[in-house]
>>> print(open('structure_7.cif').read())   # mmCIF, C-alpha atoms
data_data
#
loop_
_atom_site.group_PDB
_atom_site.id
_atom_site.type_symbol
_atom_site.label_atom_id
_atom_site.label_comp_id
_atom_site.auth_asym_id
_atom_site.auth_seq_id
_atom_site.Cartn_x
_atom_site.Cartn_y
_atom_site.Cartn_z
ATOM 1 C CA MET A 246 -63.192 -9.616 -48.038
ATOM 2 C CA THR A 247 -66.506 -8.160 -46.902
ATOM 3 C CA TYR A 248 -67.144 -4.628 -48.122
ATOM 4 C CA ARG A 249 -68.800 -2.088 -45.859
ATOM 5 C CA LEU A 250 -71.270 0.241 -47.539
ATOM 6 C CA TYR A 251 -72.583 3.348 -45.800
ATOM 7 C CA TYR A 252 -76.162 3.229 -46.950
ATOM 8 C CA SER A 253 -79.636 4.717 -46.884
ATOM 9 C CA ASP A 254 -82.750 3.869 -48.863
ATOM 10 C CA GLY A 255 -83.458 6.414 -51.564
ATOM 11 C CA SER A 256 -79.827 7.444 -51.856
ATOM 12 C CA ALA A 257 -77.210 6.816 -54.544
ATOM 13 C CA ALA A 258 -75.919 4.016 -52.323
ATOM 14 C CA MET A 259 -78.738 1.872 -53.715
ATOM 15 C CA GLY A 260 -77.034 1.824 -57.111
ATOM 16 C CA VAL A 261 -73.761 0.724 -55.529
ATOM 17 C CA ARG A 262 -75.588 -1.998 -53.639
ATOM 18 C CA VAL A 263 -77.044 -3.308 -56.904
ATOM 19 C CA VAL A 264 -73.529 -3.508 -58.349
ATOM 20 C CA LEU A 265 -72.355 -5.406 -55.261
ATOM 21 C CA GLU A 266 -75.200 -7.853 -55.776
ATOM 22 C CA GLU A 267 -74.332 -8.215 -59.467
ATOM 23 C CA ILE A 268 -70.707 -9.121 -58.691
ATOM 24 C CA ARG A 269 -71.789 -11.370 -55.818
ATOM 25 C CA ALA A 270 -69.414 -9.698 -53.398
ATOM 26 C CA PRO A 271 -70.070 -10.024 -49.659
ATOM 27 C CA TYR A 272 -70.977 -6.725 -48.061
ATOM 28 C CA GLU A 273 -72.310 -5.189 -44.873
ATOM 29 C CA LEU A 274 -74.717 -2.249 -44.888
ATOM 30 C CA ILE A 275 -73.971 0.565 -42.468
ATOM 31 C CA TRP A 276 -77.305 2.334 -42.179
ATOM 32 C CA THR A 277 -76.779 6.086 -42.323
ATOM 33 C CA SER A 278 -79.167 9.002 -41.877
ATOM 34 C CA ILE A 279 -79.303 11.445 -44.784
ATOM 35 C CA SER A 280 -81.819 13.741 -43.119
ATOM 36 C CA MET A 281 -80.951 17.413 -43.479
ATOM 37 C CA ASP A 282 -82.477 17.958 -40.031
ATOM 38 C CA SER A 283 -79.754 16.011 -38.255
ATOM 39 C CA PRO A 284 -75.974 16.456 -38.171
ATOM 40 C CA ARG A 285 -73.855 14.219 -40.342
ATOM 41 C CA ASP A 286 -72.468 11.102 -38.726
ATOM 42 C CA PRO A 287 -68.879 11.802 -37.571
ATOM 43 C CA GLU A 288 -67.918 8.351 -38.813
ATOM 44 C CA VAL A 289 -69.078 9.256 -42.324
ATOM 45 C CA LEU A 290 -67.414 12.668 -42.171
ATOM 46 C CA ALA A 291 -64.113 11.006 -41.314
ATOM 47 C CA LEU A 292 -64.343 9.016 -44.538
ATOM 48 C CA ASN A 293 -65.995 11.639 -46.750
ATOM 49 C CA PRO A 294 -65.635 15.262 -45.558
ATOM 50 C CA ASN A 295 -68.666 16.173 -47.676
ATOM 51 C CA GLY A 296 -70.809 13.996 -45.422
ATOM 52 C CA TRP A 297 -72.447 12.218 -48.332
ATOM 53 C CA ILE A 298 -73.069 8.566 -49.023
ATOM 54 C CA PRO A 299 -72.326 6.175 -50.582
ATOM 55 C CA VAL A 300 -68.985 5.452 -49.005
ATOM 56 C CA LEU A 301 -67.469 2.037 -49.663
ATOM 57 C CA VAL A 302 -64.851 0.663 -47.297
ATOM 58 C CA TRP A 303 -62.524 -1.992 -48.676
ATOM 59 C CA GLU A 304 -59.366 -3.694 -47.447
ATOM 60 C CA LYS A 305 -57.073 -0.794 -48.281
ATOM 61 C CA GLY A 306 -59.221 2.205 -47.476
ATOM 62 C CA ALA A 307 -62.447 3.932 -48.435
ATOM 63 C CA ILE A 308 -63.855 5.498 -51.582
ATOM 64 C CA TYR A 309 -66.799 7.822 -52.137
ATOM 65 C CA GLU A 310 -68.803 9.157 -55.116
ATOM 66 C CA CYS A 311 -71.218 6.734 -56.744
ATOM 67 C CA GLY A 312 -69.644 6.886 -60.201
ATOM 68 C CA ALA A 313 -66.159 6.294 -58.818
ATOM 69 C CA ILE A 314 -67.292 3.360 -56.674
ATOM 70 C CA THR A 315 -69.148 1.859 -59.625
ATOM 71 C CA THR A 316 -66.069 2.013 -61.860
ATOM 72 C CA PHE A 317 -63.856 0.707 -59.050
ATOM 73 C CA LEU A 318 -66.035 -2.369 -58.477
ATOM 74 C CA CYS A 319 -66.530 -3.091 -62.175
ATOM 75 C CA ASP A 320 -62.780 -3.030 -62.741
ATOM 76 C CA ARG A 321 -62.079 -5.228 -59.709
ATOM 77 C CA TYR A 322 -64.474 -7.887 -60.992
ATOM 78 C CA PRO A 323 -64.088 -7.862 -64.797
ATOM 79 C CA GLU A 324 -65.445 -11.395 -65.062
ATOM 80 C CA TYR A 325 -68.972 -10.029 -64.547
ATOM 81 C CA GLN A 326 -68.609 -7.730 -67.573
ATOM 82 C CA LEU A 327 -70.411 -4.765 -66.022
ATOM 83 C CA ALA A 328 -68.014 -2.357 -67.734
ATOM 84 C CA PRO A 329 -66.064 -2.424 -70.983
ATOM 85 C CA ALA A 330 -62.375 -3.246 -70.636
ATOM 86 C CA VAL A 331 -59.948 -0.340 -70.369
ATOM 87 C CA ASP A 332 -58.777 -0.856 -73.960
ATOM 88 C CA SER A 333 -62.287 -1.401 -75.355
ATOM 89 C CA THR A 334 -63.772 1.035 -77.861
ATOM 90 C CA GLU A 335 -66.822 1.297 -75.569
ATOM 91 C CA ARG A 336 -64.805 2.293 -72.506
ATOM 92 C CA GLY A 337 -64.955 6.016 -73.222
ATOM 93 C CA LEU A 338 -68.717 5.877 -73.726
ATOM 94 C CA PHE A 339 -69.156 4.034 -70.445
ATOM 95 C CA LEU A 340 -67.145 6.641 -68.543
ATOM 96 C CA GLN A 341 -68.925 9.448 -70.367
ATOM 97 C CA TRP A 342 -72.308 8.329 -69.088
ATOM 98 C CA LEU A 343 -71.127 7.723 -65.533
ATOM 99 C CA PHE A 344 -69.688 11.236 -65.397
ATOM 100 C CA PHE A 345 -72.803 12.678 -67.041
ATOM 101 C CA PHE A 346 -75.041 11.004 -64.475
ATOM 102 C CA SER A 347 -72.913 11.911 -61.461
ATOM 103 C CA SER A 348 -72.396 15.532 -62.458
ATOM 104 C CA SER A 349 -75.083 16.895 -64.755
ATOM 105 C CA LEU A 350 -78.099 14.785 -63.789
ATOM 106 C CA GLN A 351 -77.443 14.485 -60.084
ATOM 107 C CA ASN A 352 -76.848 18.235 -59.897
ATOM 108 C CA ALA A 353 -80.208 18.834 -61.539
ATOM 109 C CA TYR A 354 -81.861 16.692 -58.860
ATOM 110 C CA GLN A 355 -79.996 18.576 -56.142
ATOM 111 C CA MET A 356 -81.535 21.792 -57.468
ATOM 112 C CA THR A 357 -84.906 20.307 -56.505
ATOM 113 C CA TYR A 358 -84.022 18.792 -53.169
ATOM 114 C CA TYR A 359 -81.332 21.236 -51.970
ATOM 115 C CA PRO A 360 -82.140 24.528 -53.740
ATOM 116 C CA TRP A 361 -80.356 26.663 -51.127
ATOM 117 C CA ARG A 362 -77.054 25.370 -52.440
ATOM 118 C CA PHE A 363 -77.635 27.167 -55.716
ATOM 119 C CA CYS A 364 -78.671 30.626 -54.557
ATOM 120 C CA ASP A 365 -77.807 33.295 -52.011
ATOM 121 C CA SER A 366 -81.329 34.085 -50.851
ATOM 122 C CA THR A 367 -84.267 31.946 -49.775
ATOM 123 C CA GLN A 368 -86.371 34.150 -52.060
ATOM 124 C CA ASP A 369 -84.628 32.569 -55.043
ATOM 125 C CA GLU A 370 -85.166 28.955 -54.034
ATOM 126 C CA ALA A 371 -88.465 28.650 -55.918
ATOM 127 C CA SER A 372 -86.731 29.812 -59.078
ATOM 128 C CA VAL A 373 -83.995 27.213 -58.610
ATOM 129 C CA LYS A 374 -86.597 24.486 -58.179
ATOM 130 C CA ARG A 375 -88.410 25.566 -61.347
ATOM 131 C CA ARG A 376 -85.144 25.500 -63.251
ATOM 132 C CA SER A 377 -84.430 22.010 -61.916
ATOM 133 C CA ILE A 378 -87.601 20.754 -63.591
ATOM 134 C CA THR A 379 -86.680 22.125 -67.003
ATOM 135 C CA ARG A 380 -83.076 20.995 -66.561
ATOM 136 C CA LEU A 381 -84.149 17.438 -65.769
ATOM 137 C CA ARG A 382 -86.323 17.406 -68.853
ATOM 138 C CA GLU A 383 -83.435 18.657 -71.006
ATOM 139 C CA LEU A 384 -80.920 16.164 -69.639
ATOM 140 C CA TRP A 385 -83.160 13.118 -69.750
ATOM 141 C CA GLN A 386 -83.978 13.992 -73.338
ATOM 142 C CA VAL A 387 -80.249 13.894 -74.121
ATOM 143 C CA VAL A 388 -80.092 10.373 -72.679
ATOM 144 C CA ASP A 389 -83.251 9.303 -74.488
ATOM 145 C CA ASP A 390 -81.949 10.511 -77.835
ATOM 146 C CA ALA A 391 -78.611 8.794 -77.262
ATOM 147 C CA ILE A 392 -80.245 5.430 -76.567
ATOM 148 C CA GLY A 393 -82.357 5.576 -79.687
ATOM 149 C CA GLU A 394 -83.281 2.051 -80.746
ATOM 150 C CA ASN A 395 -80.428 0.428 -78.812
ATOM 151 C CA ASP A 396 -81.159 -2.260 -76.249
ATOM 152 C CA TRP A 397 -78.966 -0.590 -73.632
ATOM 153 C CA LEU A 398 -77.149 2.658 -73.024
ATOM 154 C CA LEU A 399 -73.944 1.308 -74.578
ATOM 155 C CA GLY A 400 -75.727 -0.413 -77.423
ATOM 156 C CA GLU A 401 -76.222 -4.176 -77.353
ATOM 157 C CA ARG A 402 -74.505 -4.878 -74.021
ATOM 158 C CA PHE A 403 -75.843 -4.351 -70.528
ATOM 159 C CA SER A 404 -73.513 -2.452 -68.196
ATOM 160 C CA ALA A 405 -73.389 -0.737 -64.821
ATOM 161 C CA ALA A 406 -74.279 2.475 -66.649
ATOM 162 C CA ASP A 407 -77.773 1.035 -67.103
ATOM 163 C CA ILE A 408 -77.972 0.400 -63.357
ATOM 164 C CA TYR A 409 -77.049 4.038 -62.744
ATOM 165 C CA LEU A 410 -79.677 5.147 -65.265
ATOM 166 C CA PHE A 411 -82.356 3.101 -63.522
ATOM 167 C CA MET A 412 -81.417 4.464 -60.104
ATOM 168 C CA LEU A 413 -81.755 8.052 -61.315
ATOM 169 C CA THR A 414 -85.163 7.411 -62.867
ATOM 170 C CA THR A 415 -86.434 6.404 -59.419
ATOM 171 C CA TRP A 416 -85.653 9.923 -58.205
ATOM 172 C CA LEU A 417 -88.194 11.496 -60.554
ATOM 173 C CA SER A 418 -91.001 12.797 -58.363
ATOM 174 C CA ASP A 419 -94.558 13.740 -59.271
ATOM 175 C CA SER A 420 -94.816 15.751 -56.059
ATOM 176 C CA HIS A 421 -92.010 18.009 -57.327
ATOM 177 C CA ASN A 422 -93.518 18.281 -60.807
ATOM 178 C CA HIS A 423 -90.646 16.400 -62.377
ATOM 179 C CA PRO A 424 -91.204 15.010 -65.852
ATOM 180 C CA SER A 425 -92.480 11.466 -65.863
ATOM 181 C CA VAL A 426 -90.120 8.723 -66.972
ATOM 182 C CA ASP A 427 -92.866 7.781 -69.445
ATOM 183 C CA SER A 428 -92.022 11.005 -71.273
ATOM 184 C CA PHE A 429 -88.755 9.413 -72.366
ATOM 185 C CA VAL A 430 -89.664 6.249 -74.235
ATOM 186 C CA ASN A 431 -86.145 4.871 -74.654
ATOM 187 C CA VAL A 432 -85.051 5.674 -71.106
ATOM 188 C CA ASN A 433 -88.203 4.039 -69.786
ATOM 189 C CA ARG A 434 -87.579 0.943 -71.884
ATOM 190 C CA VAL A 435 -84.047 0.516 -70.548
ATOM 191 C CA ALA A 436 -85.126 1.249 -66.959
ATOM 192 C CA THR A 437 -87.928 -1.312 -67.225
ATOM 193 C CA ALA A 438 -85.461 -3.932 -68.459
ATOM 194 C CA VAL A 439 -83.040 -3.173 -65.618
ATOM 195 C CA MET A 440 -85.920 -3.485 -63.176
ATOM 196 C CA GLN A 441 -86.272 -7.175 -64.064
ATOM 197 C CA ARG A 442 -82.796 -8.089 -62.832
ATOM 198 C CA PRO A 443 -82.766 -10.086 -59.560
ATOM 199 C CA SER A 444 -80.247 -7.665 -58.027
ATOM 200 C CA VAL A 445 -82.577 -4.725 -58.588
ATOM 201 C CA GLN A 446 -85.615 -6.663 -57.423
ATOM 202 C CA LEU A 447 -83.820 -7.435 -54.164
ATOM 203 C CA VAL A 448 -82.386 -3.971 -53.451
ATOM 204 C CA TYR A 449 -85.512 -2.036 -54.439
ATOM 205 C CA GLU A 450 -87.870 -4.644 -52.973
ATOM 206 C CA LEU A 451 -89.899 -4.800 -56.166
#
>>> encode(input="structure_7.cif", output="structure tokens")
Amino acid sequence: MTYRLYYSDGSAAMGVRVVLEEIRAPYELIWTSISMDSPRDPEVLALNPNGWIPVLVWEKGAIYECGAITTFLCDRYPEYQLAPAVDSTERGLFLQWLFFFSSSLQNAYQMTYYPWRFCDSTQDEASVKRRSITRLRELWQVVDDAIGENDWLLGERFSAADIYLFMLTTWLSDSHNHPSVDSFVNVNRVATAVMQRPSVQLVYEL
């Protein structure tokens, strides 16, 4: 089948697209505006009432949330070994990092880009943004420490968790005073290695 991916550059859909490239699955991009100045596409809202992308349409329905889509695709195509098997000792670690990225880290980024979601008054938005900077530094340090001297996030094997890590490093912004990825030596090393993959080169036009 051909998957349909609701997509926008700069969004979490880019990570899903990399996974689709890695598993060599045919897909169609449905270009979707993520501008906060325009209403959400009714077609997207029908599939994800939150109005967010990515949304992946497959033969039996649709699924949203980047971490969920990533796990779904990895498990559908185990021959590409982008995720540990369900009964593998590494499976829990893989899921841990996907949940960490999709909840803790992505929330910290949202505090920068959508501060009004985290406060009652516009007067407090600057405070939320400042906290997002320190929170990003704290969370990326957790990831950096966990990698240590390992080649990849799970140790010696590359996985879709490394793709997710790379995607989130691209959201670090000098204009928002985010910490530089260079501040996290191990994270930067893994991200640089992921960057060399043909799938990433294609999707990110590197």
>>> axis_aligned_box(input="structure_7.cif", around="stretch 433-442 of chain A", padding_each_side="8 Å", output="AutoDock Vina command-line options")
--center_x -85.5 --center_y -2.0 --center_z -67.4 --size_x 21.4 --size_y 28.1 --size_z 25.1
>>> residues_near_point(input="structure_7.cif", point="(-85.0, 13.5, -58.6)", cutoff="9 Å", atoms="all atoms listed in the file", output="PyMOL selection string")
chain A and resi 350-351+353-355+357-358+381+413-418+421+423
>>> atom_distance(input="structure_7.cif", atom1="atom CA of A:Glu383", atom2="atom CA of A:Asp396")
21.7 Å
>>> resolve_selection(input="structure_7.cif", expression="the PyMOL selection byres ((chain A and resi 277) around 8)", output="list of chain:residue names")
A:Tyr251, A:Tyr252, A:Ser253, A:Ile275, A:Trp276, A:Ser278, A:Ile279, A:Asp286
>>> closest_residue(input="structure_7.cif", among="A:Arg380, A:Gly312, A:Cys319, A:Gln326", to="A:Ser348", atoms="all atoms listed in the file")
A:Gly312
>>> resolve_selection(input="structure_7.cif", expression="the PyMOL selection byres ((chain A and resi 272) around 10)", output="ChimeraX atom specification")
/A:246-250,262,265-266,269-271,273-275,301-303
>>> write_last_selection(input="structure_7.cif", atoms="C-alpha atoms", output="mmCIF file, in the coordinates of the input")
data_model
loop_
_atom_site.group_PDB
_atom_site.id
_atom_site.type_symbol
_atom_site.label_atom_id
_atom_site.label_comp_id
_atom_site.auth_asym_id
_atom_site.auth_seq_id
_atom_site.Cartn_x
_atom_site.Cartn_y
_atom_site.Cartn_z
ATOM 1 C CA MET A 246 -63.192 -9.616 -48.038
ATOM 2 C CA THR A 247 -66.506 -8.160 -46.902
ATOM 3 C CA TYR A 248 -67.144 -4.628 -48.122
ATOM 4 C CA ARG A 249 -68.800 -2.088 -45.859
ATOM 5 C CA LEU A 250 -71.270 0.241 -47.539
ATOM 6 C CA ARG A 262 -75.588 -1.998 -53.639
ATOM 7 C CA LEU A 265 -72.355 -5.406 -55.261
ATOM 8 C CA GLU A 266 -75.200 -7.853 -55.776
ATOM 9 C CA ARG A 269 -71.789 -11.370 -55.818
ATOM 10 C CA ALA A 270 -69.414 -9.698 -53.398
ATOM 11 C CA PRO A 271 -70.070 -10.024 -49.659
ATOM 12 C CA GLU A 273 -72.310 -5.189 -44.873
ATOM 13 C CA LEU A 274 -74.717 -2.249 -44.888
ATOM 14 C CA ILE A 275 -73.971 0.565 -42.468
ATOM 15 C CA LEU A 301 -67.469 2.037 -49.663
ATOM 16 C CA VAL A 302 -64.851 0.663 -47.297
ATOM 17 C CA TRP A 303 -62.524 -1.992 -48.676
#
>>> resolve_selection(input="structure_7.cif", expression="the PyMOL selection byres ((chain A and resi 398) around 12)", output="mmCIF file with C-alpha atoms, keeping the file's coordinate frame")
data_model
loop_
_atom_site.group_PDB
_atom_site.id
_atom_site.type_symbol
_atom_site.label_atom_id
_atom_site.label_comp_id
_atom_site.auth_asym_id
_atom_site.auth_seq_id
_atom_site.Cartn_x
_atom_site.Cartn_y
_atom_site.Cartn_z
ATOM 1 C CA ALA A 328 -68.014 -2.357 -67.734
ATOM 2 C CA GLU A 335 -66.822 1.297 -75.569
ATOM 3 C CA LEU A 338 -68.717 5.877 -73.726
ATOM 4 C CA PHE A 339 -69.156 4.034 -70.445
ATOM 5 C CA LEU A 340 -67.145 6.641 -68.543
ATOM 6 C CA GLN A 341 -68.925 9.448 -70.367
ATOM 7 C CA TRP A 342 -72.308 8.329 -69.088
ATOM 8 C CA LEU A 343 -71.127 7.723 -65.533
ATOM 9 C CA VAL A 387 -80.249 13.894 -74.121
ATOM 10 C CA VAL A 388 -80.092 10.373 -72.679
ATOM 11 C CA ASP A 389 -83.251 9.303 -74.488
ATOM 12 C CA ASP A 390 -81.949 10.511 -77.835
ATOM 13 C CA ALA A 391 -78.611 8.794 -77.262
ATOM 14 C CA ILE A 392 -80.245 5.430 -76.567
ATOM 15 C CA GLY A 393 -82.357 5.576 -79.687
ATOM 16 C CA GLU A 394 -83.281 2.051 -80.746
ATOM 17 C CA ASN A 395 -80.428 0.428 -78.812
ATOM 18 C CA ASP A 396 -81.159 -2.260 -76.249
ATOM 19 C CA TRP A 397 -78.966 -0.590 -73.632
ATOM 20 C CA LEU A 399 -73.944 1.308 -74.578
ATOM 21 C CA GLY A 400 -75.727 -0.413 -77.423
ATOM 22 C CA GLU A 401 -76.222 -4.176 -77.353
ATOM 23 C CA ARG A 402 -74.505 -4.878 -74.021
ATOM 24 C CA PHE A 403 -75.843 -4.351 -70.528
ATOM 25 C CA SER A 404 -73.513 -2.452 -68.196
ATOM 26 C CA ALA A 405 -73.389 -0.737 -64.821
ATOM 27 C CA ALA A 406 -74.279 2.475 -66.649
ATOM 28 C CA ASP A 407 -77.773 1.035 -67.103
ATOM 29 C CA ILE A 408 -77.972 0.400 -63.357
ATOM 30 C CA TYR A 409 -77.049 4.038 -62.744
ATOM 31 C CA LEU A 410 -79.677 5.147 -65.265
ATOM 32 C CA PHE A 411 -82.356 3.101 -63.522
ATOM 33 C CA ASN A 431 -86.145 4.871 -74.654
ATOM 34 C CA VAL A 432 -85.051 5.674 -71.106
ATOM 35 C CA ASN A 433 -88.203 4.039 -69.786
ATOM 36 C CA ARG A 434 -87.579 0.943 -71.884
ATOM 37 C CA VAL A 435 -84.047 0.516 -70.548
ATOM 38 C CA ALA A 436 -85.126 1.249 -66.959
ATOM 39 C CA ALA A 438 -85.461 -3.932 -68.459
ATOM 40 C CA VAL A 439 -83.040 -3.173 -65.618
#
>>> closest_residue(input="structure_7.cif", among="A:Tyr359, A:Glu310, A:Asp365, A:Pro329", to="A:Phe346", atoms="only C-alpha atoms")
A:Glu310
>>> atom_distance(input="structure_7.cif", atom1="atom CA of A:Ala258", atom2="atom CA of A:Thr315")
10.2 Å
>>> atom_distance(input="structure_7.cif", atom1="atom CA of A:Gln386", atom2="atom CA of A:Ala257")
21.2 Å
>>> closest_residue(input="structure_7.cif", among="A:Ser283, A:Ser372, A:Thr379, A:Asn293", to="A:Asn422", atoms="only C-alpha atoms")
A:Thr379
>>> closest_residue(input="structure_7.cif", among="A:Leu384, A:Arg376, A:Ser280, A:Asp254", to="A:Met412", atoms="only C-alpha atoms")
A:Asp254
>>> residues_around(input="structure_7.cif", residues="A:Leu451", least_positions_apart="4", cutoff="10 Å", atoms="only C-alpha atoms", output="count of residues only")
6
>>> residues_around(input="structure_7.cif", residues="A:Leu318", least_positions_apart="3", cutoff="9 Å", atoms="all atoms listed in the file", output="number ranges by chain")
A: 261, 264-265, 268, 313-315, 321-323
>>> closest_residue(input="structure_7.cif", among="A:Pro424, A:Gly306, A:Pro287, A:Pro299", to="A:Gly255", atoms="all atoms listed in the file")
A:Pro299
>>> closest_residue(input="structure_7.cif", among="A:Trp297, A:Val430, A:Gln368, A:Glu267", to="A:Tyr325", atoms="all atoms listed in the file")
A:Glu267
>>> build_atoms(input="structure_7.cif", residues="stretch 259-284 of chain A", atoms="N, CA and C atoms", output="short mmCIF file (atom, residue, chain, number, x, y, z; two decimals), keeping the file's coordinate frame")
data_model
loop_
_atom_site.label_atom_id
_atom_site.label_comp_id
_atom_site.auth_asym_id
_atom_site.auth_seq_id
_atom_site.Cartn_x
_atom_site.Cartn_y
_atom_site.Cartn_z
N MET A 259 -77.95 2.99 -53.21
CA MET A 259 -78.74 1.87 -53.72
C MET A 259 -78.14 1.35 -55.02
N GLY A 260 -77.66 2.25 -55.87
CA GLY A 260 -77.03 1.82 -57.11
C GLY A 260 -75.77 1.02 -56.85
N VAL A 261 -74.97 1.46 -55.89
CA VAL A 261 -73.76 0.72 -55.53
C VAL A 261 -74.13 -0.65 -54.98
N ARG A 262 -75.17 -0.70 -54.18
CA ARG A 262 -75.59 -2.00 -53.64
C ARG A 262 -76.00 -2.96 -54.74
N VAL A 263 -76.68 -2.46 -55.77
CA VAL A 263 -77.04 -3.31 -56.90
C VAL A 263 -75.79 -3.87 -57.57
N VAL A 264 -74.78 -3.04 -57.75
CA VAL A 264 -73.53 -3.51 -58.35
C VAL A 264 -72.90 -4.59 -57.48
N LEU A 265 -72.89 -4.39 -56.17
CA LEU A 265 -72.36 -5.41 -55.26
C LEU A 265 -73.10 -6.72 -55.39
N GLU A 266 -74.41 -6.64 -55.56
CA GLU A 266 -75.20 -7.85 -55.78
C GLU A 266 -74.85 -8.50 -57.11
N GLU A 267 -74.66 -7.69 -58.13
CA GLU A 267 -74.33 -8.22 -59.47
C GLU A 267 -73.00 -8.96 -59.47
N ILE A 268 -72.02 -8.48 -58.72
CA ILE A 268 -70.71 -9.12 -58.69
C ILE A 268 -70.61 -10.16 -57.58
N ARG A 269 -71.69 -10.33 -56.85
CA ARG A 269 -71.79 -11.37 -55.82
C ARG A 269 -70.71 -11.21 -54.74
N ALA A 270 -70.42 -9.97 -54.42
CA ALA A 270 -69.41 -9.70 -53.40
C ALA A 270 -70.09 -9.61 -52.03
N PRO A 271 -69.49 -10.17 -51.01
CA PRO A 271 -70.07 -10.02 -49.66
C PRO A 271 -69.95 -8.59 -49.18
N TYR A 272 -71.00 -8.11 -48.54
CA TYR A 272 -70.98 -6.72 -48.06
C TYR A 272 -71.85 -6.58 -46.83
N GLU A 273 -71.54 -5.55 -46.06
CA GLU A 273 -72.31 -5.19 -44.87
C GLU A 273 -72.84 -3.78 -45.08
N LEU A 274 -74.12 -3.58 -44.79
CA LEU A 274 -74.72 -2.25 -44.89
C LEU A 274 -74.57 -1.52 -43.56
N ILE A 275 -74.05 -0.30 -43.64
CA ILE A 275 -73.97 0.56 -42.47
C ILE A 275 -75.05 1.62 -42.65
N TRP A 276 -76.17 1.45 -41.99
CA TRP A 276 -77.31 2.33 -42.18
C TRP A 276 -76.96 3.74 -41.70
N THR A 277 -77.24 4.71 -42.54
CA THR A 277 -76.78 6.09 -42.32
C THR A 277 -77.91 7.07 -42.58
N SER A 278 -78.13 7.99 -41.69
CA SER A 278 -79.17 9.00 -41.88
C SER A 278 -78.70 10.04 -42.89
N ILE A 279 -79.60 10.38 -43.82
CA ILE A 279 -79.30 11.44 -44.78
C ILE A 279 -80.24 12.63 -44.58
N SER A 280 -80.90 12.65 -43.43
CA SER A 280 -81.82 13.74 -43.12
C SER A 280 -81.05 15.04 -42.98
N MET A 281 -81.57 16.10 -43.59
CA MET A 281 -80.95 17.41 -43.48
C MET A 281 -81.24 18.05 -42.13
N ASP A 282 -82.12 17.42 -41.34
CA ASP A 282 -82.48 17.96 -40.03
C ASP A 282 -81.57 17.44 -38.91
N SER A 283 -80.65 16.54 -39.28
CA SER A 283 -79.75 16.01 -38.26
C SER A 283 -78.31 16.15 -38.73
N PRO A 284 -77.38 16.30 -37.79
CA PRO A 284 -75.97 16.46 -38.17
C PRO A 284 -75.44 15.19 -38.83
#
